[in-house]
Amino acid sequence: MIYLDSAATTSVRREVLEAMWPLLIAEYGNPSSHNEAGVSAAAALAEARSRVAAVFGCRPSEVVFTSGGTEGANLAVIGIALANPRGRHIVTSAIEHPAVLESCAYLERFHGFEITRLAVDGDGLVGLPEFSAALRADTTLASVMYANNEIGTVQPISSLALAAHAVGAAVHTDAVQAPGSLPLQVSALGVDALSISGHKFGAPKGIGAVFLASRIAVEPLVHGGGQERGRRSGTENVAGAVGLAVALELAELSRARAASLAEARDGLIRDILAAVPSARLTGSAGSRLAGNASFTFAGTSGESIVLELERRGIVCSSGSACAAGSDEPSAVLLAVGISPEVAQTAVRFSFTEALGAEELGRVAREVTLAVAAIGAGGTN
């Protein structure tokens with residue numbers, strides 16, 4: 001099997017499993033307990049927090065462990081909005097992950113917030129002039145994702161953050177797709193909150209982290225024993241936190257090889273566009289994730305292509321895993337100006353440096369054969 005759905009999830013790395021194992025079997029104390037086992041667990045949790053903070057370039061006290069990217073985005077968006085009475089206006093984009101869009105919709109429905117959902121251009125980019133024009137004196141928060149999970153487009157976060165800070169608004173970025181490809185130093189990005197999810201870069205599912213700047217007030221969403229300095233109650237997932245820290249460090253090391261991954265990506269894109277007349281690249285050609293190549297194949301069902309490729313030993317996706325089971329066309333593709341009919345033909349290939357040139361060359365050949373086979377069979 002050739003796996004090209006890493007934007008949906010990745011396997012747990014061996015180094016991560018080895019780091020987690022003792023905390024699941026032998027050193028399994030509750031970090032809130034004042035006994036030897038609890039003290040040991042608390043020390044492991046503190047070390048994990050410091051290691052994540054080192055990658056973010058922030059203080060350990062500004063790292064909150066969560067259950068994943070969705071909870072992190074909810075905590076950042078809803079928590080910051082409710083805790084900062086500056087105003088009730090939020091700026092976001094039309095192509096955000098549902099974790100952000102639904103958090104904004106919740107604030108709109110139940111707390112009277114006004115949400116500006118900015119359109120994007122054909123590459124999926126948020127325009128700085130349009131973003132700046134949307135900001136107001138009562139804008140509490142701007143939330144724009146670092147890199148899109150479907151089309152791979154990377155946003156100019158530092159420029160957007162600078163504009164938002166000029167009017168006094170806080171900034172959150174959903175950086176779930178960024179580890180291993182993009183820098184995560186929050187000072188360079190200029191953000192006040194940044195959320196990630198471990199299973200996207202070699203840690204287990206069910207663990208994530210969010211950077212929350214100490215200068216920003218945050219209303220907790222989960223109430224209870226006051227863990228995570230009162231920002232996220234509940235017994236901490238110590239083993240998961242340790243695994244996430246190890247995986248994040250390894251992802252940061254692999255970022256040095258992102259240029260090689262991008263070169264391989266560009267080769268796959270060229271091969272598919274050259275061989276399949278109906279293929280069209282989605283997202284930005286010049287500002288995209290190193291391991292993302294996404295296309296539409298007009299006249300051919302994207303789901304049919306995915307199934308045909310799986311029959312041929314290649315695993316990919318027809319869109320975001322977070323919208324699994326939906327028959328509706330991708331909101332992201334509609335937002336970049338693709339028609340509903342063509343949006344239904346989308347296929348996404350997302351991969352890591354584990355795939356070599358030979359395997360990607362095979363993928364391009366199999367895509368060509370798959371589209372031809374579906375056409376010959378009358379499937380659309």
# chains A, B, ... in the order shown; residues from 1 in each chain; ligands from 1
>>> select_by_dssp(residues="segment 118-220 of chain A", states="strand (DSSP E or B)", output="compact mmCIF listing (two decimals) with C-alpha atoms, in the first residue's frame")
# COMPACT_ATOMS: atom_id res chain seq x y z
CA LEU A 118 -13.79 36.71 4.23
CA THR A 139 -12.88 43.34 16.44
CA THR A 140 -12.03 40.99 19.29
CA LEU A 141 -10.38 38.20 17.33
CA ALA A 142 -9.15 37.22 13.87
CA SER A 143 -8.77 33.51 13.13
CA ALA A 147 -2.36 26.05 5.89
CA THR A 153 -2.65 26.81 0.50
CA VAL A 154 -0.42 28.57 3.04
CA ALA A 170 -6.06 39.06 19.05
CA VAL A 171 -5.04 36.48 16.44
CA HIS A 172 -5.48 32.71 16.35
CA THR A 173 -4.19 30.40 13.65
CA ASP A 174 -5.19 26.79 13.09
CA ALA A 193 -2.98 31.56 19.85
CA LEU A 194 -1.95 28.56 17.74
CA SER A 195 -3.48 25.08 17.75
CA ILE A 196 -2.08 21.71 16.61
CA SER A 197 -3.18 18.06 16.64
CA GLY A 208 -3.20 18.18 20.86
CA ALA A 209 -1.78 21.43 22.12
CA VAL A 210 -2.62 25.09 21.89
CA PHE A 211 -0.39 28.08 22.50
CA LEU A 212 -2.25 30.79 24.41
>>> select_by_dssp(residues="segment 115-208 of chain A", states="helix (DSSP H, G or I)", output="list in words")
Leu128, Pro129, Glu130, Phe131, Ser132, Ala133, Ala134, Ile157, Ser158, Ser159, Leu160, Ala161, Leu162, Ala163, Ala164, His165, Ala166, Val186, Ser187, Ala188, Leu189, Gly198, His199 and Lys200 of chain A
>>> residues_around(residues="segment 87-104 of chain A", least_positions_apart="3", cutoff="9 Å", atoms="only C-alpha atoms", output="PDB file with C-alpha atoms, in the first residue's frame")
ATOM      1  CA  GLY A  69      -7.074  20.284  16.928  1.00  0.00           C
ATOM      2  CA  THR A  70     -10.826  20.693  17.220  1.00  0.00           C
ATOM      3  CA  GLU A  71     -10.745  21.317  20.948  1.00  0.00           C
ATOM      4  CA  GLY A  72      -7.735  23.593  20.580  1.00  0.00           C
ATOM      5  CA  ALA A  73      -9.486  25.736  17.975  1.00  0.00           C
ATOM      6  CA  ASN A  74     -12.652  25.868  20.081  1.00  0.00           C
ATOM      7  CA  LEU A  75     -10.695  26.912  23.169  1.00  0.00           C
ATOM      8  CA  VAL A  77     -11.769  31.062  19.370  1.00  0.00           C
ATOM      9  CA  ILE A  78     -14.544  30.783  21.946  1.00  0.00           C
ATOM     10  CA  ALA A  81     -13.867  35.841  22.389  1.00  0.00           C
ATOM     11  CA  LEU A  82     -15.772  35.367  25.646  1.00  0.00           C
ATOM     12  CA  ASN A  84     -12.133  39.741  26.127  1.00  0.00           C
ATOM     13  CA  LEU A 107     -20.700  32.697  19.198  1.00  0.00           C
ATOM     14  CA  GLU A 108     -22.977  34.257  16.598  1.00  0.00           C
ATOM     15  CA  ARG A 109     -26.049  32.271  17.652  1.00  0.00           C
ATOM     16  CA  HIS A 111     -23.564  35.321  22.288  1.00  0.00           C
ATOM     17  CA  GLY A 112     -24.500  37.947  19.721  1.00  0.00           C
ATOM     18  CA  PHE A 113     -21.164  38.106  17.922  1.00  0.00           C
ATOM     19  CA  GLU A 114     -20.935  39.434  14.392  1.00  0.00           C
ATOM     20  CA  ILE A 115     -18.790  37.249  12.152  1.00  0.00           C
ATOM     21  CA  THR A 116     -17.071  38.495   9.001  1.00  0.00           C
ATOM     22  CA  ARG A 117     -16.243  35.476   6.832  1.00  0.00           C
ATOM     23  CA  LEU A 118     -13.787  36.712   4.232  1.00  0.00           C
ATOM     24  CA  ALA A 119     -13.828  35.419   0.676  1.00  0.00           C
ATOM     25  CA  VAL A 120     -10.581  34.059  -0.757  1.00  0.00           C
ATOM     26  CA  GLY A 124      -7.444  30.094  -1.603  1.00  0.00           C
ATOM     27  CA  VAL A 126      -6.878  35.714   2.043  1.00  0.00           C
ATOM     28  CA  PHE A 131      -8.545  41.471   5.600  1.00  0.00           C
ATOM     29  CA  ALA A 134     -12.702  44.004   7.526  1.00  0.00           C
ATOM     30  CA  LEU A 135     -11.005  44.854  10.836  1.00  0.00           C
ATOM     31  CA  ARG A 136     -12.820  47.283  13.135  1.00  0.00           C
ATOM     32  CA  ALA A 137     -12.394  48.993  16.464  1.00  0.00           C
ATOM     33  CA  ASP A 138     -14.620  46.323  18.043  1.00  0.00           C
ATOM     34  CA  THR A 139     -12.883  43.341  16.435  1.00  0.00           C
ATOM     35  CA  THR A 140     -12.025  40.989  19.290  1.00  0.00           C
ATOM     36  CA  LEU A 141     -10.377  38.205  17.328  1.00  0.00           C
ATOM     37  CA  ALA A 142      -9.147  37.222  13.874  1.00  0.00           C
ATOM     38  CA  SER A 143      -8.772  33.509  13.134  1.00  0.00           C
ATOM     39  CA  VAL A 144      -7.155  32.431   9.857  1.00  0.00           C
ATOM     40  CA  MET A 145      -5.688  28.972   9.303  1.00  0.00           C
ATOM     41  CA  ASN A 148      -5.504  24.553   4.404  1.00  0.00           C
ATOM     42  CA  ASN A 149      -6.060  20.840   4.899  1.00  0.00           C
ATOM     43  CA  ALA A 169      -7.455  42.408  17.899  1.00  0.00           C
ATOM     44  CA  ASP A 174      -5.187  26.793  13.092  1.00  0.00           C
ATOM     45  CA  CYS A 322     -13.522  15.885   8.862  1.00  0.00           C
ATOM     46  CA  ALA A 323     -16.431  15.949   6.402  1.00  0.00           C
ATOM     47  CA  ALA A 331     -17.104  24.302   0.944  1.00  0.00           C
ATOM     48  CA  VAL A 332     -13.415  25.072   0.450  1.00  0.00           C
ATOM     49  CA  LEU A 333     -13.543  24.284  -3.270  1.00  0.00           C
ATOM     50  CA  ALA A 335     -15.082  29.219  -1.929  1.00  0.00           C
ATOM     51  CA  VAL A 336     -12.216  29.262  -4.454  1.00  0.00           C
TER      52      VAL A 336
END
>>> atom_distance(atom1="atom CA of Pro129 of chain A", atom2="atom CA of Thr282 of chain A")
22.9 Å
>>> closest_residue(among="A:Leu248, A:Ala166, A:Met1, A:Ser181", to="Leu355 of chain A", atoms="only C-alpha atoms")
A:Met1
>>> residues_around(residues="Ala26 of chain A", least_positions_apart="3", cutoff="12 Å", atoms="only C-alpha atoms", output="count of residues only")
10
>>> residues_around(residues="Ala241 of chain A", least_positions_apart="2", cutoff="10 Å", atoms="only C-alpha atoms", output="list in words")
Met20, Ala44, Leu45, Ala46, Glu47, Ala48, Arg49, Val52, Val64, Phe65, Thr66, Ser67, Gly198, Ala203, Pro204, Gly206, Ile207, Gly208, Ala209, Glu236, Asn237, Val238, Ala239, Gly243, Leu244, Ala245, Val246 and Ala247 of chain A
>>> write_last_selection(atoms="N, CA and C atoms", output="JSON list (two decimals), in the first residue's frame")
[["chain", "number", "residue", "atom", "x", "y", "z"],
["A", 20, "MET", "N", 6.15, 6.88, 25.15],
["A", 20, "MET", "CA", 4.87, 6.80, 25.85],
["A", 20, "MET", "C", 4.73, 5.55, 26.70],
["A", 44, "ALA", "N", 6.97, 14.40, 34.26],
["A", 44, "ALA", "CA", 6.95, 14.03, 32.84],
["A", 44, "ALA", "C", 6.09, 15.01, 32.04],
["A", 45, "LEU", "N", 4.96, 15.41, 32.62],
["A", 45, "LEU", "CA", 4.08, 16.36, 31.95],
["A", 45, "LEU", "C", 4.76, 17.72, 31.79],
["A", 46, "ALA", "N", 5.46, 18.16, 32.84],
["A", 46, "ALA", "CA", 6.15, 19.45, 32.78],
["A", 46, "ALA", "C", 7.25, 19.43, 31.73],
["A", 47, "GLU", "N", 7.96, 18.32, 31.64],
["A", 47, "GLU", "CA", 9.01, 18.22, 30.63],
["A", 47, "GLU", "C", 8.42, 18.26, 29.22],
["A", 48, "ALA", "N", 7.31, 17.54, 29.02],
["A", 48, "ALA", "CA", 6.65, 17.57, 27.71],
["A", 48, "ALA", "C", 6.21, 18.98, 27.36],
["A", 49, "ARG", "N", 5.67, 19.70, 28.33],
["A", 49, "ARG", "CA", 5.21, 21.06, 28.09],
["A", 49, "ARG", "C", 6.39, 21.96, 27.69],
["A", 52, "VAL", "N", 7.44, 21.20, 24.02],
["A", 52, "VAL", "CA", 6.52, 21.81, 23.05],
["A", 52, "VAL", "C", 6.75, 23.32, 23.01],
["A", 64, "VAL", "N", -1.10, 24.67, 26.46],
["A", 64, "VAL", "CA", -2.20, 23.91, 27.05],
["A", 64, "VAL", "C", -2.38, 22.63, 26.23],
["A", 65, "PHE", "N", -2.37, 21.49, 26.91],
["A", 65, "PHE", "CA", -2.62, 20.23, 26.21],
["A", 65, "PHE", "C", -4.12, 20.00, 26.08],
["A", 66, "THR", "N", -4.54, 19.55, 24.91],
["A", 66, "THR", "CA", -5.96, 19.35, 24.61],
["A", 66, "THR", "C", -6.15, 17.95, 24.04],
["A", 67, "SER", "N", -7.38, 17.65, 23.63],
["A", 67, "SER", "CA", -7.67, 16.35, 23.01],
["A", 67, "SER", "C", -7.39, 16.35, 21.52],
["A", 198, "GLY", "N", -1.85, 16.17, 17.42],
["A", 198, "GLY", "CA", -0.74, 15.25, 17.36],
["A", 198, "GLY", "C", -0.80, 14.20, 16.27],
["A", 203, "ALA", "N", 2.07, 11.49, 16.35],
["A", 203, "ALA", "CA", 1.62, 11.20, 17.72],
["A", 203, "ALA", "C", 0.26, 10.50, 17.65],
["A", 204, "PRO", "N", -0.25, 9.99, 18.76],
["A", 204, "PRO", "CA", -1.54, 9.29, 18.70],
["A", 204, "PRO", "C", -2.70, 10.26, 18.50],
["A", 206, "GLY", "N", -6.13, 11.91, 19.76],
["A", 206, "GLY", "CA", -6.62, 12.24, 21.09],
["A", 206, "GLY", "C", -5.72, 13.13, 21.91],
["A", 207, "ILE", "N", -4.68, 13.67, 21.29],
["A", 207, "ILE", "CA", -3.81, 14.62, 22.00],
["A", 207, "ILE", "C", -3.48, 15.78, 21.07],
["A", 208, "GLY", "N", -3.55, 16.97, 21.61],
["A", 208, "GLY", "CA", -3.20, 18.18, 20.86],
["A", 208, "GLY", "C", -2.62, 19.20, 21.81],
["A", 209, "ALA", "N", -2.29, 20.35, 21.28],
["A", 209, "ALA", "CA", -1.78, 21.43, 22.12],
["A", 209, "ALA", "C", -2.18, 22.76, 21.50],
["A", 236, "GLU", "N", -4.90, 15.07, 33.12],
["A", 236, "GLU", "CA", -4.10, 15.23, 31.91],
["A", 236, "GLU", "C", -3.71, 13.88, 31.30],
["A", 237, "ASN", "N", -3.63, 13.86, 29.98],
["A", 237, "ASN", "CA", -3.17, 12.70, 29.22],
["A", 237, "ASN", "C", -1.64, 12.78, 29.18],
["A", 238, "VAL", "N", -1.00, 12.30, 30.23],
["A", 238, "VAL", "CA", 0.45, 12.47, 30.37],
["A", 238, "VAL", "C", 1.18, 11.74, 29.25],
["A", 239, "ALA", "N", 0.83, 10.49, 29.01],
["A", 239, "ALA", "CA", 1.50, 9.73, 27.96],
["A", 239, "ALA", "C", 1.31, 10.39, 26.60],
["A", 243, "GLY", "N", 4.15, 11.90, 24.14],
["A", 243, "GLY", "CA", 4.22, 11.48, 22.74],
["A", 243, "GLY", "C", 4.14, 12.63, 21.78],
["A", 244, "LEU", "N", 3.26, 13.59, 22.07],
["A", 244, "LEU", "CA", 3.15, 14.76, 21.21],
["A", 244, "LEU", "C", 4.45, 15.56, 21.19],
["A", 245, "ALA", "N", 5.07, 15.72, 22.35],
["A", 245, "ALA", "CA", 6.32, 16.48, 22.42],
["A", 245, "ALA", "C", 7.41, 15.84, 21.57],
["A", 246, "VAL", "N", 7.53, 14.51, 21.66],
["A", 246, "VAL", "CA", 8.54, 13.80, 20.87],
["A", 246, "VAL", "C", 8.22, 13.93, 19.38],
["A", 247, "ALA", "N", 6.96, 13.72, 19.01],
["A", 247, "ALA", "CA", 6.57, 13.81, 17.60],
["A", 247, "ALA", "C", 6.78, 15.21, 17.04]]
>>> atom_distance(atom1="atom CA of Ala290 of chain A", atom2="atom CA of Ala357 of chain A")
14.2 Å
>>> residues_around(residues="Ser159 of chain A", least_positions_apart="5", cutoff="9 Å", atoms="only C-alpha atoms", output="ChimeraX atom specification")
/A:128,164,189-190
>>> residues_around(residues="Val55 of chain A", least_positions_apart="6", cutoff="8 Å", atoms="only C-alpha atoms", output="VMD selection string")
chain A and resid 184 to 185 248 to 249 252
>>> write_last_selection(atoms="N, CA, C and O atoms", output="PDB file, in the first residue's frame")
ATOM      1  N   LEU A 184       6.951  27.150  13.318  1.00  0.00           N
ATOM      2  CA  LEU A 184       5.908  27.298  14.327  1.00  0.00           C
ATOM      3  C   LEU A 184       6.272  28.306  15.409  1.00  0.00           C
ATOM      4  O   LEU A 184       5.586  28.390  16.428  1.00  0.00           O
ATOM      5  N   GLN A 185       7.335  29.072  15.217  1.00  0.00           N
ATOM      6  CA  GLN A 185       7.719  30.071  16.210  1.00  0.00           C
ATOM      7  C   GLN A 185       6.656  31.170  16.270  1.00  0.00           C
ATOM      8  O   GLN A 185       6.468  31.932  15.308  1.00  0.00           O
ATOM      9  N   LEU A 248       6.511  16.229  17.856  1.00  0.00           N
ATOM     10  CA  LEU A 248       6.671  17.601  17.392  1.00  0.00           C
ATOM     11  C   LEU A 248       8.143  17.926  17.167  1.00  0.00           C
ATOM     12  O   LEU A 248       8.499  18.596  16.182  1.00  0.00           O
ATOM     13  N   GLU A 249       9.003  17.449  18.054  1.00  0.00           N
ATOM     14  CA  GLU A 249      10.439  17.663  17.858  1.00  0.00           C
ATOM     15  C   GLU A 249      10.927  16.974  16.587  1.00  0.00           C
ATOM     16  O   GLU A 249      11.725  17.541  15.820  1.00  0.00           O
ATOM     17  N   GLU A 252       9.780  18.911  13.622  1.00  0.00           N
ATOM     18  CA  GLU A 252      10.583  20.125  13.448  1.00  0.00           C
ATOM     19  C   GLU A 252      11.914  19.796  12.777  1.00  0.00           C
ATOM     20  O   GLU A 252      12.405  20.557  11.924  1.00  0.00           O
TER      21      GLU A 252
END
>>> atom_distance(atom1="atom CA of Glu310 of chain A", atom2="atom CA of Glu263 of chain A")
24.8 Å
>>> closest_residue(among="A:Gly319, A:Gln155, A:Val39, A:Ala175", to="Asp121 of chain A", atoms="only C-alpha atoms")
A:Gln155
